[in-house]
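Visitor: Can you read through this structure? Questions will come right after.
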2 protein chains.
Amino acid sequence: MAIHLLAEKPEKIGRIVSALQTAAEQIKRCSICGNLTEEEHCSICTNPNRDRSKICIVENISDLIALEKSAAWDGLYHVLNGKLSPLKGIGPEHLNILSLTERLADESLREILFALPNDIEGEATCHYIQEQLVENSSISVSRIGFGLPSGGEIPYADPTTLRNALESRKGF
Amino acid sequence: MAIHLLAEKPEKIGRIVSALQTAAEQIKRCSICGNLTEEEHCSICTNPNRDRSKICIVENISDLIALEKSAAWDGLYHVLNGKLSPLKGIGPEHLNILSLTERLADESLREILFALPNDIEGEATCHYIQEQLVENSSISVSRIGFGLPSGGEIPYADPTTLRNALESRKGF
């Protein structure tokens, strides 16, 4: 992209620079969920049509954006900005977990959905956060389903995906 | 592959021709499940270690091979050799369904798992076969789970896959 701009569109660089500067100055993190916003709270946290009894926990803002595009979730989010990884020295203190702990104590909360990756670090992060919930046992806790992707064909799926698909089989 | 053989390895063509001829003469379909075999019944149908109370219904032999590689299924299979498609003129009479109907009447059958594609034709095929089962209501019928594939990252998943992943969320 940098080479294209320099070689083909040098006149556009000024506009990009100013747009980036404006973004850097005006866009910050929502103090509730960690989403990007220009205000104190983001457009999802302040939307009265969202179901405030459900929180979907994601690793990054790009996960939140993808889930919003799918229109499959009408609750709130919480962006961790990473996942626990002892090998990389990432502990709970490096993630956006402190504000989550406060949200988990909210009595109107009914459901937590983990949309974290299907790897060891994602699993460890789910379990760590779930332990914070012990006090509030009325909350339903679940994790997104893993299996064959839409349009995915069985012969091209890896063995782990097929095992997940068989384990998560559903009656109909 | 043909060009490579002709240009680089003409001396190997004879061996390939004879291997293909032998395969065409000796390999046939298992009369129970439709898998490839050199005998009357395939190595899965005759294996005493397989759980004979469970049948996994697949579209093609390549699906069966992929599921065997994943080592996630210890039951038997049934290969349909296609899926119902009225638009393409493929009806039940074109599929390996007659021998399936006989198998479904077996009283020792406890579970049917559909490992058919996540599309309209796959769904129609599931429902058509399920209707054949009405008489035998003690059988558990399920379909493989659809969701995020192993190692799949949320930002790169399509909206349908994300909706499936959220719908098939599991408590833990």
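Labels for the structure tokens follow display order: chains A, B, ..., residues from 1 in each chain, ligands from 1.
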Check stretch 62-153 of chain B with DSSP on the backbone and list each residue it calls strand (DSSP E or B), as a list in words.

Guide: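 Checking each residue of stretch 62-153 of chain B, the strand (DSSP E or B) ones are Gly75, Leu76, Tyr77, His78, Val79, Ser85, Ile90, Glu111, Ile112, Leu113, Phe114, Ala115, Ser140, Val141, Ser142, Arg143, Phe146 and Leu148 of chain B.
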
Visitor: Could you write those residues out with N, CA, C and O atoms, as a PDB file, in the first residue's frame?

Guide:
ATOM      1  N   GLY B  75     -18.436 -45.719  14.348  1.00  0.00           N
ATOM      2  CA  GLY B  75     -19.581 -46.490  13.875  1.00  0.00           C
ATOM      3  C   GLY B  75     -19.415 -46.876  12.415  1.00  0.00           C
ATOM      4  O   GLY B  75     -18.316 -46.873  11.864  1.00  0.00           O
ATOM      5  N   LEU B  76     -20.528 -47.232  11.770  1.00  0.00           N
ATOM      6  CA  LEU B  76     -20.524 -47.581  10.347  1.00  0.00           C
ATOM      7  C   LEU B  76     -20.867 -46.351   9.504  1.00  0.00           C
ATOM      8  O   LEU B  76     -21.159 -45.283  10.053  1.00  0.00           O
ATOM      9  N   TYR B  77     -20.803 -46.518   8.177  1.00  0.00           N
ATOM     10  CA  TYR B  77     -21.136 -45.414   7.269  1.00  0.00           C
ATOM     11  C   TYR B  77     -22.210 -45.871   6.291  1.00  0.00           C
ATOM     12  O   TYR B  77     -22.482 -47.072   6.141  1.00  0.00           O
ATOM     13  N   HIS B  78     -22.771 -44.872   5.596  1.00  0.00           N
ATOM     14  CA  HIS B  78     -23.575 -45.167   4.415  1.00  0.00           C
ATOM     15  C   HIS B  78     -23.307 -44.070   3.393  1.00  0.00           C
ATOM     16  O   HIS B  78     -23.523 -42.893   3.678  1.00  0.00           O
ATOM     17  N   VAL B  79     -22.828 -44.462   2.198  1.00  0.00           N
ATOM     18  CA  VAL B  79     -22.459 -43.494   1.165  1.00  0.00           C
ATOM     19  C   VAL B  79     -23.619 -43.342   0.183  1.00  0.00           C
ATOM     20  O   VAL B  79     -24.013 -44.302  -0.489  1.00  0.00           O
ATOM     21  N   SER B  85     -31.416 -33.319  -5.501  1.00  0.00           N
ATOM     22  CA  SER B  85     -31.375 -32.017  -6.151  1.00  0.00           C
ATOM     23  C   SER B  85     -32.410 -31.972  -7.266  1.00  0.00           C
ATOM     24  O   SER B  85     -32.113 -32.329  -8.404  1.00  0.00           O
ATOM     25  N   ILE B  90     -31.933 -34.890  -9.750  1.00  0.00           N
ATOM     26  CA  ILE B  90     -31.452 -36.018  -8.940  1.00  0.00           C
ATOM     27  C   ILE B  90     -32.480 -36.338  -7.869  1.00  0.00           C
ATOM     28  O   ILE B  90     -32.690 -35.556  -6.933  1.00  0.00           O
ATOM     29  N   GLU B 111     -28.352 -44.948  16.410  1.00  0.00           N
ATOM     30  CA  GLU B 111     -28.013 -43.562  16.089  1.00  0.00           C
ATOM     31  C   GLU B 111     -27.756 -43.383  14.599  1.00  0.00           C
ATOM     32  O   GLU B 111     -27.069 -44.192  13.971  1.00  0.00           O
ATOM     33  N   ILE B 112     -28.314 -42.294  14.058  1.00  0.00           N
ATOM     34  CA  ILE B 112     -28.034 -41.869  12.684  1.00  0.00           C
ATOM     35  C   ILE B 112     -27.400 -40.495  12.772  1.00  0.00           C
ATOM     36  O   ILE B 112     -27.942 -39.589  13.415  1.00  0.00           O
ATOM     37  N   LEU B 113     -26.220 -40.317  12.147  1.00  0.00           N
ATOM     38  CA  LEU B 113     -25.579 -39.000  12.105  1.00  0.00           C
ATOM     39  C   LEU B 113     -25.458 -38.574  10.649  1.00  0.00           C
ATOM     40  O   LEU B 113     -24.831 -39.272   9.844  1.00  0.00           O
ATOM     41  N   PHE B 114     -26.062 -37.443  10.304  1.00  0.00           N
ATOM     42  CA  PHE B 114     -25.940 -36.931   8.947  1.00  0.00           C
ATOM     43  C   PHE B 114     -24.683 -36.071   8.841  1.00  0.00           C
ATOM     44  O   PHE B 114     -24.578 -35.052   9.510  1.00  0.00           O
ATOM     45  N   ALA B 115     -23.730 -36.483   8.010  1.00  0.00           N
ATOM     46  CA  ALA B 115     -22.559 -35.643   7.728  1.00  0.00           C
ATOM     47  C   ALA B 115     -22.703 -35.147   6.291  1.00  0.00           C
ATOM     48  O   ALA B 115     -21.857 -35.400   5.433  1.00  0.00           O
ATOM     49  N   SER B 140     -31.739 -42.128  17.649  1.00  0.00           N
ATOM     50  CA  SER B 140     -31.321 -40.737  17.811  1.00  0.00           C
ATOM     51  C   SER B 140     -30.810 -40.232  16.463  1.00  0.00           C
ATOM     52  O   SER B 140     -29.951 -40.857  15.837  1.00  0.00           O
ATOM     53  N   VAL B 141     -31.360 -39.123  15.992  1.00  0.00           N
ATOM     54  CA  VAL B 141     -30.965 -38.569  14.693  1.00  0.00           C
ATOM     55  C   VAL B 141     -30.315 -37.216  14.915  1.00  0.00           C
ATOM     56  O   VAL B 141     -30.874 -36.354  15.604  1.00  0.00           O
ATOM     57  N   SER B 142     -29.118 -37.012  14.368  1.00  0.00           N
ATOM     58  CA  SER B 142     -28.470 -35.715  14.537  1.00  0.00           C
ATOM     59  C   SER B 142     -27.693 -35.358  13.283  1.00  0.00           C
ATOM     60  O   SER B 142     -27.549 -36.159  12.353  1.00  0.00           O
ATOM     61  N   ARG B 143     -27.204 -34.132  13.263  1.00  0.00           N
ATOM     62  CA  ARG B 143     -26.448 -33.632  12.126  1.00  0.00           C
ATOM     63  C   ARG B 143     -25.137 -33.074  12.652  1.00  0.00           C
ATOM     64  O   ARG B 143     -25.102 -32.544  13.763  1.00  0.00           O
ATOM     65  N   PHE B 146     -22.093 -27.183  12.765  1.00  0.00           N
ATOM     66  CA  PHE B 146     -21.499 -26.177  11.895  1.00  0.00           C
ATOM     67  C   PHE B 146     -21.062 -24.995  12.747  1.00  0.00           C
ATOM     68  O   PHE B 146     -21.756 -24.597  13.665  1.00  0.00           O
ATOM     69  N   LEU B 148     -17.268 -22.329  13.681  1.00  0.00           N
ATOM     70  CA  LEU B 148     -15.940 -21.851  13.334  1.00  0.00           C
ATOM     71  C   LEU B 148     -15.001 -23.053  13.169  1.00  0.00           C
ATOM     72  O   LEU B 148     -14.931 -23.900  14.042  1.00  0.00           O
TER      73      LEU B 148
END

Visitor: Each residue of chain B with at least one atom at most 8 Å from chain A should appear once, together with its nearest atom pair and the corresponding distance in Å (one decimal); atoms considered: only C-alpha atoms; ordering: chain, then increasing residue number; output as a tab-separated table.

Guide:
residue	atom	partner	partner_atom	distance
B:Ser62	CA	A:Pro155	CA	5.7
B:Asp63	CA	A:Pro155	CA	5.1
B:Ile65	CA	A:Pro155	CA	7.5
B:Ala66	CA	A:Pro155	CA	5.2
B:Leu67	CA	A:Leu162	CA	6.7
B:Lys69	CA	A:Pro159	CA	6.6
B:Ser70	CA	A:Pro159	CA	4.2
B:Ala71	CA	A:Arg163	CA	7.7
B:Ala72	CA	A:Arg163	CA	5.2
B:Trp73	CA	A:Leu166	CA	7.7
B:Leu113	CA	A:Arg169	CA	7.9
B:Pro117	CA	A:Glu153	CA	6.6
B:Asn118	CA	A:Gly151	CA	6.3
B:Asp119	CA	A:Gly151	CA	7.1
B:Ser140	CA	A:Gly171	CA	7.4
B:Val141	CA	A:Gly171	CA	5.6
B:Ser142	CA	A:Gly171	CA	3.9
B:Arg143	CA	A:Arg169	CA	5.2
B:Ile144	CA	A:Arg169	CA	4.2
B:Gly145	CA	A:Ala165	CA	4.4
B:Phe146	CA	A:Gly147	CA	4.5
B:Gly147	CA	A:Gly147	CA	4.4
B:Leu148	CA	A:Phe146	CA	4.6
B:Pro149	CA	A:Gly147	CA	5.3
B:Ser150	CA	A:Thr161	CA	4.9
B:Gly151	CA	A:Asn118	CA	6.3
B:Gly152	CA	A:Pro117	CA	7.6
B:Glu153	CA	A:Pro117	CA	6.6
B:Ile154	CA	A:Asp63	CA	5.4
B:Pro155	CA	A:Asp63	CA	5.1
B:Tyr156	CA	A:Ala66	CA	7.8
B:Ala157	CA	A:Ala66	CA	7.7
B:Asp158	CA	A:Ser70	CA	7.6
B:Pro159	CA	A:Ser70	CA	4.2
B:Thr160	CA	A:Ser150	CA	6.1
B:Thr161	CA	A:Ser150	CA	4.9
B:Leu162	CA	A:Ser70	CA	6.4
B:Arg163	CA	A:Ala72	CA	5.2
B:Asn164	CA	A:Gly145	CA	7.4
B:Ala165	CA	A:Gly145	CA	4.4
B:Leu166	CA	A:Ile144	CA	5.2
B:Glu167	CA	A:Gly145	CA	7.4
B:Ser168	CA	A:Gly145	CA	4.8
B:Arg169	CA	A:Ile144	CA	4.2
B:Lys170	CA	A:Ser142	CA	5.0
B:Gly171	CA	A:Ser142	CA	3.9
B:Phe172	CA	A:Ser142	CA	6.0

Visitor: Enter the distance from atom CA of B:Gly14 to atom CA of B:Ala2, in Å, rounded to one decimal.

Guide: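 Separation between atom CA of B:Gly14 and atom CA of B:Ala2: 13.0 Å.
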
Visitor: What is the distance, in Å and to one decimal place, between atom CA of B:Ile32 and atom CA of B:Lys83?

Guide: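 Pair atom CA of B:Ile32 / atom CA of B:Lys83 returns 18.3 Å.
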
Visitor: After a least-squares superposition on chain B over all sequentially paired C-alpha atoms, what is chain A as a PDB file with C-alpha atoms, in the first residue's frame?

Guide:
ATOM      1  CA  MET A   1      -0.685 -34.214 -14.373  1.00  0.00           C
ATOM      2  CA  ALA A   2      -1.188 -35.539 -17.912  1.00  0.00           C
ATOM      3  CA  ILE A   3       1.297 -33.031 -19.362  1.00  0.00           C
ATOM      4  CA  HIS A   4       3.853 -33.805 -16.656  1.00  0.00           C
ATOM      5  CA  LEU A   5       3.626 -37.519 -17.406  1.00  0.00           C
ATOM      6  CA  LEU A   6       3.917 -37.060 -21.149  1.00  0.00           C
ATOM      7  CA  ALA A   7       6.768 -34.566 -21.005  1.00  0.00           C
ATOM      8  CA  GLU A   8       8.791 -35.822 -18.053  1.00  0.00           C
ATOM      9  CA  LYS A   9       7.936 -39.402 -17.261  1.00  0.00           C
ATOM     10  CA  PRO A  10       6.688 -41.214 -20.389  1.00  0.00           C
ATOM     11  CA  GLU A  11       8.103 -44.493 -19.045  1.00  0.00           C
ATOM     12  CA  LYS A  12       5.702 -44.355 -16.083  1.00  0.00           C
ATOM     13  CA  ILE A  13       2.537 -44.242 -18.176  1.00  0.00           C
ATOM     14  CA  GLY A  14       2.499 -47.997 -18.688  1.00  0.00           C
ATOM     15  CA  ARG A  15       2.502 -48.622 -14.936  1.00  0.00           C
ATOM     16  CA  ILE A  16      -0.285 -46.117 -14.363  1.00  0.00           C
ATOM     17  CA  VAL A  17      -2.378 -47.664 -17.136  1.00  0.00           C
ATOM     18  CA  SER A  18      -2.042 -51.136 -15.671  1.00  0.00           C
ATOM     19  CA  ALA A  19      -2.748 -49.902 -12.124  1.00  0.00           C
ATOM     20  CA  LEU A  20      -5.904 -48.150 -13.325  1.00  0.00           C
ATOM     21  CA  GLN A  21      -7.016 -51.252 -15.222  1.00  0.00           C
ATOM     22  CA  THR A  22      -6.505 -53.443 -12.150  1.00  0.00           C
ATOM     23  CA  ALA A  23      -8.437 -50.945 -10.017  1.00  0.00           C
ATOM     24  CA  ALA A  24     -11.299 -50.781 -12.521  1.00  0.00           C
ATOM     25  CA  GLU A  25     -11.542 -54.572 -12.579  1.00  0.00           C
ATOM     26  CA  GLN A  26     -11.131 -55.353  -8.891  1.00  0.00           C
ATOM     27  CA  ILE A  27     -12.572 -52.423  -6.942  1.00  0.00           C
ATOM     28  CA  LYS A  28     -16.330 -52.309  -6.520  1.00  0.00           C
ATOM     29  CA  ARG A  29     -18.919 -50.906  -4.110  1.00  0.00           C
ATOM     30  CA  CYS A  30     -19.658 -52.519  -0.745  1.00  0.00           C
ATOM     31  CA  SER A  31     -23.171 -53.980  -1.032  1.00  0.00           C
ATOM     32  CA  ILE A  32     -24.007 -52.762   2.480  1.00  0.00           C
ATOM     33  CA  CYS A  33     -22.716 -49.182   2.690  1.00  0.00           C
ATOM     34  CA  GLY A  34     -21.462 -48.210  -0.785  1.00  0.00           C
ATOM     35  CA  ASN A  35     -17.812 -47.779   0.258  1.00  0.00           C
ATOM     36  CA  LEU A  36     -15.046 -48.961  -2.113  1.00  0.00           C
ATOM     37  CA  THR A  37     -13.909 -52.554  -1.596  1.00  0.00           C
ATOM     38  CA  GLU A  38     -12.309 -55.505  -3.347  1.00  0.00           C
ATOM     39  CA  GLU A  39     -14.609 -57.945  -1.529  1.00  0.00           C
ATOM     40  CA  GLU A  40     -18.392 -58.179  -1.274  1.00  0.00           C
ATOM     41  CA  HIS A  41     -18.344 -56.112   1.933  1.00  0.00           C
ATOM     42  CA  CYS A  42     -15.891 -53.343   2.795  1.00  0.00           C
ATOM     43  CA  SER A  43     -13.282 -53.318   5.559  1.00  0.00           C
ATOM     44  CA  ILE A  44     -15.423 -51.053   7.756  1.00  0.00           C
ATOM     45  CA  CYS A  45     -18.632 -53.097   7.507  1.00  0.00           C
ATOM     46  CA  THR A  46     -16.700 -56.313   8.318  1.00  0.00           C
ATOM     47  CA  ASN A  47     -14.618 -54.817  11.161  1.00  0.00           C
ATOM     48  CA  PRO A  48     -15.833 -56.348  14.456  1.00  0.00           C
ATOM     49  CA  ASN A  49     -14.445 -53.374  16.420  1.00  0.00           C
ATOM     50  CA  ARG A  50     -16.829 -50.848  14.825  1.00  0.00           C
ATOM     51  CA  ASP A  51     -19.969 -49.872  16.721  1.00  0.00           C
ATOM     52  CA  ARG A  52     -22.714 -51.403  14.560  1.00  0.00           C
ATOM     53  CA  SER A  53     -25.506 -49.458  16.289  1.00  0.00           C
ATOM     54  CA  LYS A  54     -24.430 -46.166  14.647  1.00  0.00           C
ATOM     55  CA  ILE A  55     -24.513 -45.133  10.986  1.00  0.00           C
ATOM     56  CA  CYS A  56     -22.993 -41.939   9.624  1.00  0.00           C
ATOM     57  CA  ILE A  57     -24.605 -40.909   6.320  1.00  0.00           C
ATOM     58  CA  VAL A  58     -22.229 -39.165   3.879  1.00  0.00           C
ATOM     59  CA  GLU A  59     -22.586 -37.803   0.369  1.00  0.00           C
ATOM     60  CA  ASN A  60     -19.437 -39.288  -1.209  1.00  0.00           C
ATOM     61  CA  ILE A  61     -16.601 -41.703  -0.589  1.00  0.00           C
ATOM     62  CA  SER A  62     -14.192 -38.770  -0.214  1.00  0.00           C
ATOM     63  CA  ASP A  63     -16.273 -37.617   2.802  1.00  0.00           C
ATOM     64  CA  LEU A  64     -15.994 -41.092   4.318  1.00  0.00           C
ATOM     65  CA  ILE A  65     -12.208 -41.092   3.808  1.00  0.00           C
ATOM     66  CA  ALA A  66     -11.852 -37.649   5.447  1.00  0.00           C
ATOM     67  CA  LEU A  67     -13.943 -38.716   8.458  1.00  0.00           C
ATOM     68  CA  GLU A  68     -11.918 -41.916   8.821  1.00  0.00           C
ATOM     69  CA  LYS A  69      -8.706 -39.861   8.820  1.00  0.00           C
ATOM     70  CA  SER A  70     -10.100 -37.697  11.628  1.00  0.00           C
ATOM     71  CA  ALA A  71     -10.645 -40.891  13.710  1.00  0.00           C
ATOM     72  CA  ALA A  72     -13.709 -39.234  15.237  1.00  0.00           C
ATOM     73  CA  TRP A  73     -16.281 -41.889  14.241  1.00  0.00           C
ATOM     74  CA  ASP A  74     -16.256 -45.501  15.385  1.00  0.00           C
ATOM     75  CA  GLY A  75     -19.585 -46.509  13.846  1.00  0.00           C
ATOM     76  CA  LEU A  76     -20.526 -47.597  10.334  1.00  0.00           C
ATOM     77  CA  TYR A  77     -21.164 -45.428   7.259  1.00  0.00           C
ATOM     78  CA  HIS A  78     -23.605 -45.170   4.404  1.00  0.00           C
ATOM     79  CA  VAL A  79     -22.497 -43.491   1.169  1.00  0.00           C
ATOM     80  CA  LEU A  80     -25.381 -41.908  -0.754  1.00  0.00           C
ATOM     81  CA  ASN A  81     -23.338 -41.095  -3.889  1.00  0.00           C
ATOM     82  CA  GLY A  82     -24.906 -37.655  -4.105  1.00  0.00           C
ATOM     83  CA  LYS A  83     -27.663 -35.585  -2.581  1.00  0.00           C
ATOM     84  CA  LEU A  84     -31.248 -34.845  -3.579  1.00  0.00           C
ATOM     85  CA  SER A  85     -31.457 -32.011  -6.103  1.00  0.00           C
ATOM     86  CA  PRO A  86     -34.772 -31.476  -7.902  1.00  0.00           C
ATOM     87  CA  LEU A  87     -33.186 -28.700 -10.005  1.00  0.00           C
ATOM     88  CA  LYS A  88     -30.575 -31.119 -11.358  1.00  0.00           C
ATOM     89  CA  GLY A  89     -33.143 -33.906 -11.664  1.00  0.00           C
ATOM     90  CA  ILE A  90     -31.553 -36.000  -8.901  1.00  0.00           C
ATOM     91  CA  GLY A  91     -34.244 -37.862  -6.985  1.00  0.00           C
ATOM     92  CA  PRO A  92     -34.093 -40.620  -4.355  1.00  0.00           C
ATOM     93  CA  GLU A  93     -33.970 -43.244  -7.128  1.00  0.00           C
ATOM     94  CA  HIS A  94     -30.576 -41.880  -8.250  1.00  0.00           C
ATOM     95  CA  LEU A  95     -29.028 -42.233  -4.796  1.00  0.00           C
ATOM     96  CA  ASN A  96     -27.915 -45.260  -2.784  1.00  0.00           C
ATOM     97  CA  ILE A  97     -31.070 -45.053  -0.646  1.00  0.00           C
ATOM     98  CA  LEU A  98     -32.788 -48.423  -1.228  1.00  0.00           C
ATOM     99  CA  SER A  99     -30.149 -50.355   0.722  1.00  0.00           C
ATOM    100  CA  LEU A 100     -30.189 -47.631   3.401  1.00  0.00           C
ATOM    101  CA  THR A 101     -33.929 -48.138   3.960  1.00  0.00           C
ATOM    102  CA  GLU A 102     -33.237 -51.798   4.733  1.00  0.00           C
ATOM    103  CA  ARG A 103     -30.475 -50.856   7.173  1.00  0.00           C
ATOM    104  CA  LEU A 104     -32.726 -48.327   8.934  1.00  0.00           C
ATOM    105  CA  ALA A 105     -35.200 -51.121   9.736  1.00  0.00           C
ATOM    106  CA  ASP A 106     -32.503 -52.953  11.752  1.00  0.00           C
ATOM    107  CA  GLU A 107     -33.594 -53.059  15.393  1.00  0.00           C
ATOM    108  CA  SER A 108     -30.041 -52.802  16.734  1.00  0.00           C
ATOM    109  CA  LEU A 109     -29.663 -49.353  15.167  1.00  0.00           C
ATOM    110  CA  ARG A 110     -29.456 -46.624  17.827  1.00  0.00           C
ATOM    111  CA  GLU A 111     -27.989 -43.566  16.101  1.00  0.00           C
ATOM    112  CA  ILE A 112     -28.026 -41.874  12.714  1.00  0.00           C
ATOM    113  CA  LEU A 113     -25.575 -39.014  12.122  1.00  0.00           C
ATOM    114  CA  PHE A 114     -25.936 -36.938   8.959  1.00  0.00           C
ATOM    115  CA  ALA A 115     -22.558 -35.659   7.726  1.00  0.00           C
ATOM    116  CA  LEU A 116     -24.112 -33.959   4.710  1.00  0.00           C
ATOM    117  CA  PRO A 117     -23.213 -30.488   3.389  1.00  0.00           C
ATOM    118  CA  ASN A 118     -24.580 -27.342   5.001  1.00  0.00           C
ATOM    119  CA  ASP A 119     -26.645 -26.324   1.947  1.00  0.00           C
ATOM    120  CA  ILE A 120     -30.271 -26.591   0.814  1.00  0.00           C
ATOM    121  CA  GLU A 121     -29.732 -29.898  -0.971  1.00  0.00           C
ATOM    122  CA  GLY A 122     -27.932 -31.398   2.018  1.00  0.00           C
ATOM    123  CA  GLU A 123     -30.760 -30.273   4.284  1.00  0.00           C
ATOM    124  CA  ALA A 124     -33.459 -31.659   1.972  1.00  0.00           C
ATOM    125  CA  THR A 125     -31.629 -34.993   1.838  1.00  0.00           C
ATOM    126  CA  CYS A 126     -31.466 -35.158   5.659  1.00  0.00           C
ATOM    127  CA  HIS A 127     -35.190 -34.501   5.953  1.00  0.00           C
ATOM    128  CA  TYR A 128     -36.127 -36.986   3.223  1.00  0.00           C
ATOM    129  CA  ILE A 129     -34.165 -39.785   4.916  1.00  0.00           C
ATOM    130  CA  GLN A 130     -35.459 -38.867   8.343  1.00  0.00           C
ATOM    131  CA  GLU A 131     -39.004 -39.389   7.099  1.00  0.00           C
ATOM    132  CA  GLN A 132     -38.092 -42.980   6.276  1.00  0.00           C
ATOM    133  CA  LEU A 133     -37.294 -43.422   9.965  1.00  0.00           C
ATOM    134  CA  VAL A 134     -40.712 -42.535  11.325  1.00  0.00           C
ATOM    135  CA  GLU A 135     -41.506 -46.164  12.149  1.00  0.00           C
ATOM    136  CA  ASN A 136     -38.417 -46.532  14.318  1.00  0.00           C
ATOM    137  CA  SER A 137     -38.670 -43.697  16.790  1.00  0.00           C
ATOM    138  CA  SER A 138     -36.071 -44.987  19.258  1.00  0.00           C
ATOM    139  CA  ILE A 139     -33.221 -43.896  16.967  1.00  0.00           C
ATOM    140  CA  SER A 140     -31.285 -40.746  17.857  1.00  0.00           C
ATOM    141  CA  VAL A 141     -30.945 -38.576  14.733  1.00  0.00           C
ATOM    142  CA  SER A 142     -28.434 -35.727  14.556  1.00  0.00           C
ATOM    143  CA  ARG A 143     -26.422 -33.653  12.142  1.00  0.00           C
ATOM    144  CA  ILE A 144     -22.748 -32.643  12.366  1.00  0.00           C
ATOM    145  CA  GLY A 145     -22.112 -29.257  13.971  1.00  0.00           C
ATOM    146  CA  PHE A 146     -21.460 -26.191  11.864  1.00  0.00           C
ATOM    147  CA  GLY A 147     -19.358 -23.329  13.179  1.00  0.00           C
ATOM    148  CA  LEU A 148     -15.894 -21.857  13.236  1.00  0.00           C
ATOM    149  CA  PRO A 149     -13.302 -24.281  11.816  1.00  0.00           C
ATOM    150  CA  SER A 150     -10.245 -25.283  13.829  1.00  0.00           C
ATOM    151  CA  GLY A 151      -7.703 -22.456  13.755  1.00  0.00           C
ATOM    152  CA  GLY A 152     -10.265 -20.246  12.010  1.00  0.00           C
ATOM    153  CA  GLU A 153     -10.212 -16.620  13.081  1.00  0.00           C
ATOM    154  CA  ILE A 154     -13.418 -14.695  13.595  1.00  0.00           C
ATOM    155  CA  PRO A 155     -12.522 -11.698  11.385  1.00  0.00           C
ATOM    156  CA  TYR A 156     -11.969 -14.020   8.406  1.00  0.00           C
ATOM    157  CA  ALA A 157     -15.123 -16.094   8.878  1.00  0.00           C
ATOM    158  CA  ASP A 158     -18.138 -15.395   6.646  1.00  0.00           C
ATOM    159  CA  PRO A 159     -21.378 -14.155   8.276  1.00  0.00           C
ATOM    160  CA  THR A 160     -23.167 -17.502   7.834  1.00  0.00           C
ATOM    161  CA  THR A 161     -20.385 -19.376   9.613  1.00  0.00           C
ATOM    162  CA  LEU A 162     -20.485 -16.849  12.459  1.00  0.00           C
ATOM    163  CA  ARG A 163     -24.258 -17.171  12.738  1.00  0.00           C
ATOM    164  CA  ASN A 164     -23.884 -20.975  12.867  1.00  0.00           C
ATOM    165  CA  ALA A 165     -21.155 -20.635  15.499  1.00  0.00           C
ATOM    166  CA  LEU A 166     -23.369 -18.451  17.682  1.00  0.00           C
ATOM    167  CA  GLU A 167     -26.426 -20.659  17.210  1.00  0.00           C
ATOM    168  CA  SER A 168     -24.462 -23.778  18.107  1.00  0.00           C
ATOM    169  CA  ARG A 169     -22.888 -22.304  21.227  1.00  0.00           C
ATOM    170  CA  LYS A 170     -22.246 -24.794  23.983  1.00  0.00           C
ATOM    171  CA  GLY A 171     -22.186 -24.374  27.732  1.00  0.00           C
ATOM    172  CA  PHE A 172     -19.127 -25.506  29.670  1.00  0.00           C
TER     173      PHE A 172
END

Visitor: Mind listing the helix (DSSP H, G or I) residues of stretch 59-138 of chain A, per DSSP on the backbone, as a ChimeraX atom specification?

Guide: /A:61-70,86-88,92-94,98-104,120-131
